[in-house]
Amino acid sequence: NIAVIGDIGKAKSSLIKTAMCLRQLALPNRQVVVIDKKRQGNKGGEYSGIADAVGAGSIRFRTGTTGMRINLLDPAIATGVERTDGVAPAGQEALVGAVIEDTMGRPLVETEKAALGLALQVVNDRAARENREPILMELADELLDPSEDSGAAFGEQWAQESRRWGLNPGLALRELCLGDLKGLVDGATSPEVRAALDHPFVHFDVSALPNKGPALRVIMTVINTWLANVLASRSARHMQTLLLVEEGWHVADGSTGKVFRENMKLSRGLGLSTVSAFHHISDLPVDSPARALMKEAGIVFLYGQDRVEDAEETARMYHLPPGSTEIIMSLAKGHCLVKYGNADPILMEHVRSDLEIALTDTDEVIKGAAA
């Protein structure tokens, strides 16, 4: 896994778009998946130009009814793929439970977990018999109004009481389906989304989603879990994949962030490299989930920092040799320190071709040159 850290305007994004995206696409059996949050004028996400250049369709998510859907209960996302090597990405129950916990603002208690597990089994079995995908509102309804024989699963003594265990999780899911996640995860997966993973470059454009609220974080985590499970099921093909998340802090927090980080730990077995970018380390608490993501990285690209506290914290986090703070603060645009594992950092200059310069230019809006 890779972390790219530095101040705004130091060319972190250019490195990710070239070394971790365009140049990877030239290699056989290599796929790049990007979760694109940074909007570029009226063009959508800033990877839209790259998607157009390589002939890939952009999968654009927006709240409401005009965007594309990714079904949280899609069997292809998190069905708990059986492996013999110990690599098992987050299952459906863990993913849905994380989303509910984020909405409720607290962990699920044991009775709620039991109700969720049973409700998932009921809606999945029903959908399988009817040859269709289960959907999230169906799960909410099952939690709020369980099937007649559901209580029997917990024994005669708890038959009636257990029918109330799903009340709070059911209300949380219903709130999401009718509110923050309306049009995003509350229906069957859009055909465009399902077909997206067949292209070497997969562009998930989430730039239209609001920063506040659960929508962005949930979509990012569902994509990550879906990708991890798809890779787990086809690992025999030895396809190597890079997942690019330039706004790494979006997936760091909450229960969904925990799922994201757990999937990252399976990267070697999945042939998956997660690339995430961060800005100011000193702004993050010591126990921040974002710091945990940074520490998961085996390769780190350290770009210039203008604030002393950021440069010092960067040097401290990655155990850099004396004098590194001053070097970080003096790095020119397009230059960085690269640290592989425990080795001493090396100085790198990032050089782009004319084509790469054209495809990675994101300054046209701020310069007032946008069409």
# chains A, B, ... in the order shown; residues from 1 in each chain; ligands from 1
call {"tool": "select_by_dssp", "arguments": {"residues": "segment 144-206 of chain A", "states": "alpha helix (DSSP H)", "output": "compact mmCIF listing (two decimals) with all heavy atoms, in the first residue's frame"}}
result
# COMPACT_ATOMS: atom_id res chain seq x y z
N LEU A 144 -37.81 -4.36 10.88
CA LEU A 144 -38.91 -3.69 11.58
C LEU A 144 -40.14 -4.57 11.75
O LEU A 144 -40.86 -4.46 12.74
CB LEU A 144 -39.29 -2.40 10.83
CG LEU A 144 -38.23 -1.29 10.82
CD1 LEU A 144 -38.62 -0.18 9.87
CD2 LEU A 144 -38.02 -0.76 12.22
N LEU A 167 -35.42 -3.27 15.84
CA LEU A 167 -36.08 -1.97 15.71
C LEU A 167 -35.12 -0.84 15.35
O LEU A 167 -35.29 -0.16 14.33
CB LEU A 167 -36.82 -1.63 17.01
CG LEU A 167 -37.44 -0.22 17.08
CD1 LEU A 167 -38.49 -0.05 15.99
CD2 LEU A 167 -38.02 0.06 18.46
N ASN A 168 -34.09 -0.63 16.17
CA ASN A 168 -33.18 0.50 15.93
C ASN A 168 -32.36 0.35 14.65
O ASN A 168 -32.25 1.30 13.86
CB ASN A 168 -32.27 0.72 17.13
CG ASN A 168 -33.03 1.27 18.33
OD1 ASN A 168 -33.96 2.06 18.17
ND2 ASN A 168 -32.66 0.84 19.53
N PRO A 169 -31.78 -0.84 14.37
CA PRO A 169 -31.09 -1.00 13.07
C PRO A 169 -32.04 -0.80 11.89
O PRO A 169 -31.65 -0.19 10.88
CB PRO A 169 -30.57 -2.44 13.13
CG PRO A 169 -30.47 -2.76 14.57
CD PRO A 169 -31.60 -2.02 15.22
N GLY A 170 -33.28 -1.28 12.01
CA GLY A 170 -34.24 -1.12 10.92
C GLY A 170 -34.58 0.34 10.68
O GLY A 170 -34.67 0.79 9.53
N LEU A 171 -34.76 1.10 11.77
CA LEU A 171 -35.06 2.52 11.63
C LEU A 171 -33.88 3.27 11.01
O LEU A 171 -34.06 4.19 10.20
CB LEU A 171 -35.40 3.12 13.00
CG LEU A 171 -36.75 2.70 13.60
CD1 LEU A 171 -36.89 3.23 15.02
CD2 LEU A 171 -37.90 3.18 12.73
N ALA A 172 -32.65 2.87 11.39
CA ALA A 172 -31.45 3.52 10.83
C ALA A 172 -31.35 3.28 9.33
O ALA A 172 -31.07 4.20 8.55
CB ALA A 172 -30.20 2.99 11.54
N LEU A 173 -31.59 2.03 8.90
CA LEU A 173 -31.55 1.72 7.47
C LEU A 173 -32.65 2.45 6.71
O LEU A 173 -32.42 2.96 5.61
CB LEU A 173 -31.69 0.21 7.25
CG LEU A 173 -30.44 -0.65 7.44
CD1 LEU A 173 -30.76 -2.09 7.10
CD2 LEU A 173 -29.30 -0.14 6.57
N ARG A 174 -33.83 2.51 7.31
CA ARG A 174 -34.93 3.20 6.65
C ARG A 174 -34.61 4.68 6.47
O ARG A 174 -34.89 5.28 5.43
CB ARG A 174 -36.21 3.02 7.47
CG ARG A 174 -37.46 3.56 6.79
CD ARG A 174 -38.71 3.24 7.61
NE ARG A 174 -39.90 3.78 6.97
CZ ARG A 174 -40.55 3.19 5.98
NH1 ARG A 174 -40.12 2.01 5.55
NH2 ARG A 174 -41.61 3.74 5.45
N GLU A 175 -34.00 5.26 7.50
CA GLU A 175 -33.60 6.67 7.44
C GLU A 175 -32.60 6.91 6.31
O GLU A 175 -32.69 7.90 5.57
CB GLU A 175 -32.99 7.09 8.78
CG GLU A 175 -32.45 8.51 8.82
CD GLU A 175 -31.70 8.81 10.10
OE1 GLU A 175 -31.88 8.06 11.09
OE2 GLU A 175 -30.91 9.76 10.12
N LEU A 176 -31.65 5.99 6.16
CA LEU A 176 -30.66 6.12 5.09
C LEU A 176 -31.30 6.01 3.71
O LEU A 176 -30.98 6.78 2.80
CB LEU A 176 -29.58 5.06 5.25
CG LEU A 176 -28.58 5.24 6.38
CD1 LEU A 176 -27.63 4.06 6.45
CD2 LEU A 176 -27.78 6.53 6.20
N CYS A 177 -32.19 5.02 3.56
CA CYS A 177 -32.81 4.79 2.25
C CYS A 177 -33.67 5.98 1.81
O CYS A 177 -33.76 6.29 0.62
CB CYS A 177 -33.67 3.53 2.28
SG CYS A 177 -32.73 2.00 2.41
N LEU A 178 -34.31 6.63 2.77
CA LEU A 178 -35.21 7.74 2.44
C LEU A 178 -34.52 9.10 2.51
O LEU A 178 -35.09 10.11 2.10
CB LEU A 178 -36.42 7.74 3.39
CG LEU A 178 -37.30 6.49 3.33
CD1 LEU A 178 -38.42 6.57 4.36
CD2 LEU A 178 -37.87 6.29 1.93
N PRO A 191 -26.52 -1.36 -14.18
CA PRO A 191 -25.74 -2.18 -15.11
C PRO A 191 -24.39 -1.56 -15.44
O PRO A 191 -23.39 -2.27 -15.61
CB PRO A 191 -26.64 -2.24 -16.36
CG PRO A 191 -28.02 -2.00 -15.85
CD PRO A 191 -27.87 -1.06 -14.70
N GLU A 192 -24.32 -0.21 -15.52
CA GLU A 192 -23.05 0.46 -15.83
C GLU A 192 -22.01 0.20 -14.75
O GLU A 192 -20.82 0.07 -15.04
CB GLU A 192 -23.27 1.97 -15.98
CG GLU A 192 -24.23 2.36 -17.09
CD GLU A 192 -25.65 2.49 -16.59
OE1 GLU A 192 -25.99 1.86 -15.56
OE2 GLU A 192 -26.43 3.22 -17.24
N VAL A 193 -22.47 0.15 -13.51
CA VAL A 193 -21.55 -0.12 -12.41
C VAL A 193 -21.04 -1.56 -12.47
O VAL A 193 -19.85 -1.83 -12.31
CB VAL A 193 -22.24 0.14 -11.05
CG1 VAL A 193 -21.31 -0.20 -9.90
CG2 VAL A 193 -22.68 1.60 -10.96
N ARG A 194 -21.96 -2.48 -12.74
CA ARG A 194 -21.57 -3.89 -12.79
C ARG A 194 -20.58 -4.16 -13.91
O ARG A 194 -19.66 -4.97 -13.79
CB ARG A 194 -22.82 -4.76 -12.98
CG ARG A 194 -22.61 -6.22 -12.66
CD ARG A 194 -23.89 -7.01 -12.81
NE ARG A 194 -24.94 -6.51 -11.93
CZ ARG A 194 -24.98 -6.74 -10.62
NH1 ARG A 194 -24.01 -7.45 -10.06
NH2 ARG A 194 -25.95 -6.27 -9.88
N ALA A 195 -20.74 -3.44 -15.03
CA ALA A 195 -19.84 -3.65 -16.17
C ALA A 195 -18.51 -2.93 -16.00
O ALA A 195 -17.55 -3.23 -16.70
CB ALA A 195 -20.52 -3.17 -17.45
N ALA A 196 -18.44 -1.98 -15.05
CA ALA A 196 -17.26 -1.13 -14.93
C ALA A 196 -15.98 -1.90 -14.66
O ALA A 196 -14.91 -1.56 -15.18
CB ALA A 196 -17.48 -0.10 -13.83
call {"tool": "select_by_dssp", "arguments": {"residues": "segment 153-370 of chain A", "states": "strand (DSSP E or B)", "output": "PyMOL selection string"}}
result
chain A and resi 201-205+240-245+272-278+299-302+335-340+346-349
call {"tool": "residues_around", "arguments": {"residues": "Asp36 of chain A", "least_positions_apart": "3", "cutoff": "10 Å", "atoms": "only C-alpha atoms", "output": "JSON, numbers by chain"}}
result
{"A": [33, 39, 44, 45, 46, 47, 48, 58, 59, 60, 203, 204, 205, 206, 207, 208, 220, 244, 245, 246, 247]}
call {"tool": "write_last_selection", "arguments": {"atoms": "N, CA, C and O atoms", "output": "PDB file, in the first residue's frame"}}
result
ATOM      1  N   VAL A  33      -8.379   1.367 -10.333  1.00  0.00           N
ATOM      2  CA  VAL A  33      -9.700   1.806  -9.901  1.00  0.00           C
ATOM      3  C   VAL A  33      -9.516   3.086  -9.095  1.00  0.00           C
ATOM      4  O   VAL A  33      -8.727   3.120  -8.151  1.00  0.00           O
ATOM      5  N   ARG A  39     -13.615  17.736  -7.675  1.00  0.00           N
ATOM      6  CA  ARG A  39     -14.343  18.207  -8.846  1.00  0.00           C
ATOM      7  C   ARG A  39     -13.456  19.105  -9.695  1.00  0.00           C
ATOM      8  O   ARG A  39     -12.656  19.885  -9.192  1.00  0.00           O
ATOM      9  N   GLY A  44     -17.031  17.274 -13.963  1.00  0.00           N
ATOM     10  CA  GLY A  44     -17.119  16.177 -13.015  1.00  0.00           C
ATOM     11  C   GLY A  44     -15.801  16.010 -12.288  1.00  0.00           C
ATOM     12  O   GLY A  44     -15.061  16.975 -12.066  1.00  0.00           O
ATOM     13  N   GLY A  45     -15.460  14.776 -11.902  1.00  0.00           N
ATOM     14  CA  GLY A  45     -14.218  14.506 -11.204  1.00  0.00           C
ATOM     15  C   GLY A  45     -13.004  14.782 -12.068  1.00  0.00           C
ATOM     16  O   GLY A  45     -13.075  14.763 -13.299  1.00  0.00           O
ATOM     17  N   GLU A  46     -11.854  15.018 -11.423  1.00  0.00           N
ATOM     18  CA  GLU A  46     -10.674  15.428 -12.188  1.00  0.00           C
ATOM     19  C   GLU A  46     -10.000  14.276 -12.934  1.00  0.00           C
ATOM     20  O   GLU A  46      -9.064  14.504 -13.690  1.00  0.00           O
ATOM     21  N   TYR A  47     -10.472  13.049 -12.746  1.00  0.00           N
ATOM     22  CA  TYR A  47      -9.975  11.922 -13.538  1.00  0.00           C
ATOM     23  C   TYR A  47     -10.831  11.694 -14.786  1.00  0.00           C
ATOM     24  O   TYR A  47     -10.591  10.743 -15.526  1.00  0.00           O
ATOM     25  N   SER A  48     -11.823  12.550 -15.008  1.00  0.00           N
ATOM     26  CA  SER A  48     -12.700  12.380 -16.167  1.00  0.00           C
ATOM     27  C   SER A  48     -11.931  12.436 -17.480  1.00  0.00           C
ATOM     28  O   SER A  48     -12.217  11.690 -18.420  1.00  0.00           O
ATOM     29  N   SER A  58     -17.298   6.842 -17.163  1.00  0.00           N
ATOM     30  CA  SER A  58     -17.256   7.303 -15.772  1.00  0.00           C
ATOM     31  C   SER A  58     -18.536   6.902 -15.052  1.00  0.00           C
ATOM     32  O   SER A  58     -19.637   7.119 -15.562  1.00  0.00           O
ATOM     33  N   ILE A  59     -18.387   6.299 -13.893  1.00  0.00           N
ATOM     34  CA  ILE A  59     -19.526   5.898 -13.072  1.00  0.00           C
ATOM     35  C   ILE A  59     -19.779   7.022 -12.080  1.00  0.00           C
ATOM     36  O   ILE A  59     -19.037   7.202 -11.114  1.00  0.00           O
ATOM     37  N   ARG A  60     -20.816   7.811 -12.333  1.00  0.00           N
ATOM     38  CA  ARG A  60     -21.065   9.016 -11.537  1.00  0.00           C
ATOM     39  C   ARG A  60     -22.193   8.780 -10.529  1.00  0.00           C
ATOM     40  O   ARG A  60     -23.301   8.428 -10.902  1.00  0.00           O
ATOM     41  N   HIS A 203     -13.454   4.283 -13.275  1.00  0.00           N
ATOM     42  CA  HIS A 203     -13.549   5.632 -12.721  1.00  0.00           C
ATOM     43  C   HIS A 203     -14.870   5.806 -11.979  1.00  0.00           C
ATOM     44  O   HIS A 203     -15.914   5.979 -12.582  1.00  0.00           O
ATOM     45  N   PHE A 204     -14.807   5.744 -10.648  1.00  0.00           N
ATOM     46  CA  PHE A 204     -15.966   6.033  -9.815  1.00  0.00           C
ATOM     47  C   PHE A 204     -15.934   7.513  -9.459  1.00  0.00           C
ATOM     48  O   PHE A 204     -15.101   7.957  -8.659  1.00  0.00           O
ATOM     49  N   ASP A 205     -16.811   8.299 -10.065  1.00  0.00           N
ATOM     50  CA  ASP A 205     -16.847   9.741  -9.857  1.00  0.00           C
ATOM     51  C   ASP A 205     -17.837  10.060  -8.735  1.00  0.00           C
ATOM     52  O   ASP A 205     -19.045   9.984  -8.911  1.00  0.00           O
ATOM     53  N   VAL A 206     -17.293  10.421  -7.563  1.00  0.00           N
ATOM     54  CA  VAL A 206     -18.140  10.752  -6.410  1.00  0.00           C
ATOM     55  C   VAL A 206     -18.048  12.237  -6.084  1.00  0.00           C
ATOM     56  O   VAL A 206     -18.382  12.666  -4.975  1.00  0.00           O
ATOM     57  N   SER A 207     -17.603  13.038  -7.060  1.00  0.00           N
ATOM     58  CA  SER A 207     -17.376  14.466  -6.815  1.00  0.00           C
ATOM     59  C   SER A 207     -18.663  15.230  -6.532  1.00  0.00           C
ATOM     60  O   SER A 207     -18.619  16.328  -5.979  1.00  0.00           O
ATOM     61  N   ALA A 208     -19.825  14.668  -6.920  1.00  0.00           N
ATOM     62  CA  ALA A 208     -21.092  15.356  -6.685  1.00  0.00           C
ATOM     63  C   ALA A 208     -21.697  15.021  -5.328  1.00  0.00           C
ATOM     64  O   ALA A 208     -22.725  15.590  -4.948  1.00  0.00           O
ATOM     65  N   MET A 220     -17.669   4.964  -0.751  1.00  0.00           N
ATOM     66  CA  MET A 220     -16.248   4.604  -0.830  1.00  0.00           C
ATOM     67  C   MET A 220     -15.992   3.230  -0.218  1.00  0.00           C
ATOM     68  O   MET A 220     -15.250   2.411  -0.772  1.00  0.00           O
ATOM     69  N   LEU A 244      -7.072   3.953  -6.088  1.00  0.00           N
ATOM     70  CA  LEU A 244      -6.599   5.308  -5.815  1.00  0.00           C
ATOM     71  C   LEU A 244      -7.664   6.105  -5.072  1.00  0.00           C
ATOM     72  O   LEU A 244      -8.800   6.230  -5.528  1.00  0.00           O
ATOM     73  N   VAL A 245      -7.288   6.651  -3.917  1.00  0.00           N
ATOM     74  CA  VAL A 245      -8.179   7.504  -3.130  1.00  0.00           C
ATOM     75  C   VAL A 245      -7.390   8.752  -2.749  1.00  0.00           C
ATOM     76  O   VAL A 245      -6.634   8.740  -1.775  1.00  0.00           O
ATOM     77  N   GLU A 246      -7.532   9.818  -3.521  1.00  0.00           N
ATOM     78  CA  GLU A 246      -6.711  11.008  -3.282  1.00  0.00           C
ATOM     79  C   GLU A 246      -7.113  11.757  -2.018  1.00  0.00           C
ATOM     80  O   GLU A 246      -6.300  12.447  -1.420  1.00  0.00           O
ATOM     81  N   GLU A 247      -8.371  11.657  -1.615  1.00  0.00           N
ATOM     82  CA  GLU A 247      -8.822  12.295  -0.373  1.00  0.00           C
ATOM     83  C   GLU A 247      -8.927  11.212   0.696  1.00  0.00           C
ATOM     84  O   GLU A 247     -10.013  10.781   1.064  1.00  0.00           O
TER      85      GLU A 247
END
call {"tool": "residues_around", "arguments": {"residues": "segment 183-188 of chain A", "least_positions_apart": "3", "cutoff": "6 Å", "atoms": "only C-alpha atoms", "output": "number ranges by chain"}}
result
A: 63-65, 69-72, 135-136, 177
call {"tool": "decode", "arguments": {"residues": "segment 105-130 of chain A", "atoms": "N, CA, C and O atoms", "output": "PDB file, in the first residue's frame"}}
result
ATOM      1  N   GLY A 105     -24.484   6.013  15.388  1.00  0.00           N
ATOM      2  CA  GLY A 105     -23.504   6.669  16.242  1.00  0.00           C
ATOM      3  C   GLY A 105     -23.077   5.833  17.427  1.00  0.00           C
ATOM      4  O   GLY A 105     -22.558   6.350  18.421  1.00  0.00           O
ATOM      5  N   ARG A 106     -23.264   4.527  17.339  1.00  0.00           N
ATOM      6  CA  ARG A 106     -22.851   3.611  18.416  1.00  0.00           C
ATOM      7  C   ARG A 106     -22.724   2.209  17.852  1.00  0.00           C
ATOM      8  O   ARG A 106     -23.278   1.898  16.800  1.00  0.00           O
ATOM      9  N   PRO A 107     -21.989   1.322  18.549  1.00  0.00           N
ATOM     10  CA  PRO A 107     -21.882  -0.067  18.089  1.00  0.00           C
ATOM     11  C   PRO A 107     -23.207  -0.805  18.261  1.00  0.00           C
ATOM     12  O   PRO A 107     -24.018  -0.476  19.126  1.00  0.00           O
ATOM     13  N   LEU A 108     -23.417  -1.801  17.435  1.00  0.00           N
ATOM     14  CA  LEU A 108     -24.572  -2.677  17.600  1.00  0.00           C
ATOM     15  C   LEU A 108     -24.373  -3.566  18.821  1.00  0.00           C
ATOM     16  O   LEU A 108     -23.274  -4.062  19.065  1.00  0.00           O
ATOM     17  N   VAL A 109     -25.435  -3.772  19.580  1.00  0.00           N
ATOM     18  CA  VAL A 109     -25.360  -4.710  20.701  1.00  0.00           C
ATOM     19  C   VAL A 109     -25.645  -6.111  20.170  1.00  0.00           C
ATOM     20  O   VAL A 109     -26.055  -6.288  19.025  1.00  0.00           O
ATOM     21  N   GLU A 110     -25.427  -7.114  21.012  1.00  0.00           N
ATOM     22  CA  GLU A 110     -25.505  -8.501  20.555  1.00  0.00           C
ATOM     23  C   GLU A 110     -26.882  -8.859  20.008  1.00  0.00           C
ATOM     24  O   GLU A 110     -27.000  -9.579  19.010  1.00  0.00           O
ATOM     25  N   THR A 111     -27.935  -8.381  20.654  1.00  0.00           N
ATOM     26  CA  THR A 111     -29.274  -8.710  20.165  1.00  0.00           C
ATOM     27  C   THR A 111     -29.516  -8.100  18.788  1.00  0.00           C
ATOM     28  O   THR A 111     -30.145  -8.717  17.927  1.00  0.00           O
ATOM     29  N   GLU A 112     -29.010  -6.888  18.567  1.00  0.00           N
ATOM     30  CA  GLU A 112     -29.177  -6.226  17.267  1.00  0.00           C
ATOM     31  C   GLU A 112     -28.371  -6.941  16.185  1.00  0.00           C
ATOM     32  O   GLU A 112     -28.834  -7.078  15.048  1.00  0.00           O
ATOM     33  N   LYS A 113     -27.164  -7.418  16.553  1.00  0.00           N
ATOM     34  CA  LYS A 113     -26.364  -8.186  15.598  1.00  0.00           C
ATOM     35  C   LYS A 113     -27.081  -9.476  15.210  1.00  0.00           C
ATOM     36  O   LYS A 113     -27.078  -9.879  14.043  1.00  0.00           O
ATOM     37  N   ALA A 114     -27.699 -10.115  16.200  1.00  0.00           N
ATOM     38  CA  ALA A 114     -28.423 -11.357  15.924  1.00  0.00           C
ATOM     39  C   ALA A 114     -29.602 -11.095  14.989  1.00  0.00           C
ATOM     40  O   ALA A 114     -29.841 -11.847  14.043  1.00  0.00           O
ATOM     41  N   ALA A 115     -30.327 -10.010  15.255  1.00  0.00           N
ATOM     42  CA  ALA A 115     -31.467  -9.671  14.408  1.00  0.00           C
ATOM     43  C   ALA A 115     -31.021  -9.347  12.990  1.00  0.00           C
ATOM     44  O   ALA A 115     -31.664  -9.750  12.013  1.00  0.00           O
ATOM     45  N   LEU A 116     -29.912  -8.619  12.859  1.00  0.00           N
ATOM     46  CA  LEU A 116     -29.397  -8.258  11.535  1.00  0.00           C
ATOM     47  C   LEU A 116     -28.973  -9.504  10.764  1.00  0.00           C
ATOM     48  O   LEU A 116     -29.288  -9.652   9.573  1.00  0.00           O
ATOM     49  N   GLY A 117     -28.255 -10.413  11.436  1.00  0.00           N
ATOM     50  CA  GLY A 117     -27.804 -11.627  10.765  1.00  0.00           C
ATOM     51  C   GLY A 117     -28.971 -12.460  10.250  1.00  0.00           C
ATOM     52  O   GLY A 117     -28.947 -12.964   9.120  1.00  0.00           O
ATOM     53  N   LEU A 118     -30.011 -12.595  11.073  1.00  0.00           N
ATOM     54  CA  LEU A 118     -31.173 -13.382  10.668  1.00  0.00           C
ATOM     55  C   LEU A 118     -31.928 -12.692   9.531  1.00  0.00           C
ATOM     56  O   LEU A 118     -32.348 -13.333   8.567  1.00  0.00           O
ATOM     57  N   ALA A 119     -32.094 -11.376   9.640  1.00  0.00           N
ATOM     58  CA  ALA A 119     -32.816 -10.633   8.597  1.00  0.00           C
ATOM     59  C   ALA A 119     -32.085 -10.730   7.260  1.00  0.00           C
ATOM     60  O   ALA A 119     -32.713 -10.877   6.206  1.00  0.00           O
ATOM     61  N   LEU A 120     -30.761 -10.640   7.281  1.00  0.00           N
ATOM     62  CA  LEU A 120     -29.985 -10.785   6.050  1.00  0.00           C
ATOM     63  C   LEU A 120     -30.193 -12.160   5.436  1.00  0.00           C
ATOM     64  O   LEU A 120     -30.333 -12.297   4.218  1.00  0.00           O
ATOM     65  N   GLN A 121     -30.205 -13.189   6.286  1.00  0.00           N
ATOM     66  CA  GLN A 121     -30.422 -14.549   5.787  1.00  0.00           C
ATOM     67  C   GLN A 121     -31.790 -14.675   5.129  1.00  0.00           C
ATOM     68  O   GLN A 121     -31.922 -15.253   4.039  1.00  0.00           O
ATOM     69  N   VAL A 122     -32.799 -14.076   5.747  1.00  0.00           N
ATOM     70  CA  VAL A 122     -34.169 -14.169   5.230  1.00  0.00           C
ATOM     71  C   VAL A 122     -34.282 -13.468   3.878  1.00  0.00           C
ATOM     72  O   VAL A 122     -34.808 -14.040   2.910  1.00  0.00           O
ATOM     73  N   VAL A 123     -33.784 -12.227   3.777  1.00  0.00           N
ATOM     74  CA  VAL A 123     -33.948 -11.468   2.527  1.00  0.00           C
ATOM     75  C   VAL A 123     -33.068 -12.044   1.420  1.00  0.00           C
ATOM     76  O   VAL A 123     -33.455 -12.041   0.241  1.00  0.00           O
ATOM     77  N   ASN A 124     -31.893 -12.565   1.769  1.00  0.00           N
ATOM     78  CA  ASN A 124     -31.031 -13.180   0.755  1.00  0.00           C
ATOM     79  C   ASN A 124     -31.653 -14.467   0.212  1.00  0.00           C
ATOM     80  O   ASN A 124     -31.627 -14.715  -0.999  1.00  0.00           O
ATOM     81  N   ASP A 125     -32.203 -15.294   1.114  1.00  0.00           N
ATOM     82  CA  ASP A 125     -32.840 -16.540   0.678  1.00  0.00           C
ATOM     83  C   ASP A 125     -34.058 -16.247  -0.199  1.00  0.00           C
ATOM     84  O   ASP A 125     -34.273 -16.905  -1.225  1.00  0.00           O
ATOM     85  N   ARG A 126     -34.842 -15.256   0.191  1.00  0.00           N
ATOM     86  CA  ARG A 126     -36.035 -14.900  -0.578  1.00  0.00           C
ATOM     87  C   ARG A 126     -35.648 -14.406  -1.972  1.00  0.00           C
ATOM     88  O   ARG A 126     -36.250 -14.806  -2.978  1.00  0.00           O
ATOM     89  N   ALA A 127     -34.633 -13.539  -2.027  1.00  0.00           N
ATOM     90  CA  ALA A 127     -34.196 -13.005  -3.316  1.00  0.00           C
ATOM     91  C   ALA A 127     -33.622 -14.106  -4.204  1.00  0.00           C
ATOM     92  O   ALA A 127     -33.836 -14.113  -5.413  1.00  0.00           O
ATOM     93  N   ALA A 128     -32.882 -15.051  -3.598  1.00  0.00           N
ATOM     94  CA  ALA A 128     -32.305 -16.147  -4.377  1.00  0.00           C
ATOM     95  C   ALA A 128     -33.405 -17.012  -4.996  1.00  0.00           C
ATOM     96  O   ALA A 128     -33.298 -17.432  -6.157  1.00  0.00           O
ATOM     97  N   ARG A 129     -34.466 -17.272  -4.239  1.00  0.00           N
ATOM     98  CA  ARG A 129     -35.582 -18.070  -4.761  1.00  0.00           C
ATOM     99  C   ARG A 129     -36.279 -17.346  -5.914  1.00  0.00           C
ATOM    100  O   ARG A 129     -36.764 -17.990  -6.856  1.00  0.00           O
ATOM    101  N   GLU A 130     -36.295 -16.006  -5.845  1.00  0.00           N
ATOM    102  CA  GLU A 130     -36.976 -15.215  -6.877  1.00  0.00           C
ATOM    103  C   GLU A 130     -36.019 -14.738  -7.964  1.00  0.00           C
ATOM    104  O   GLU A 130     -36.401 -13.952  -8.831  1.00  0.00           O
TER     105      GLU A 130
END
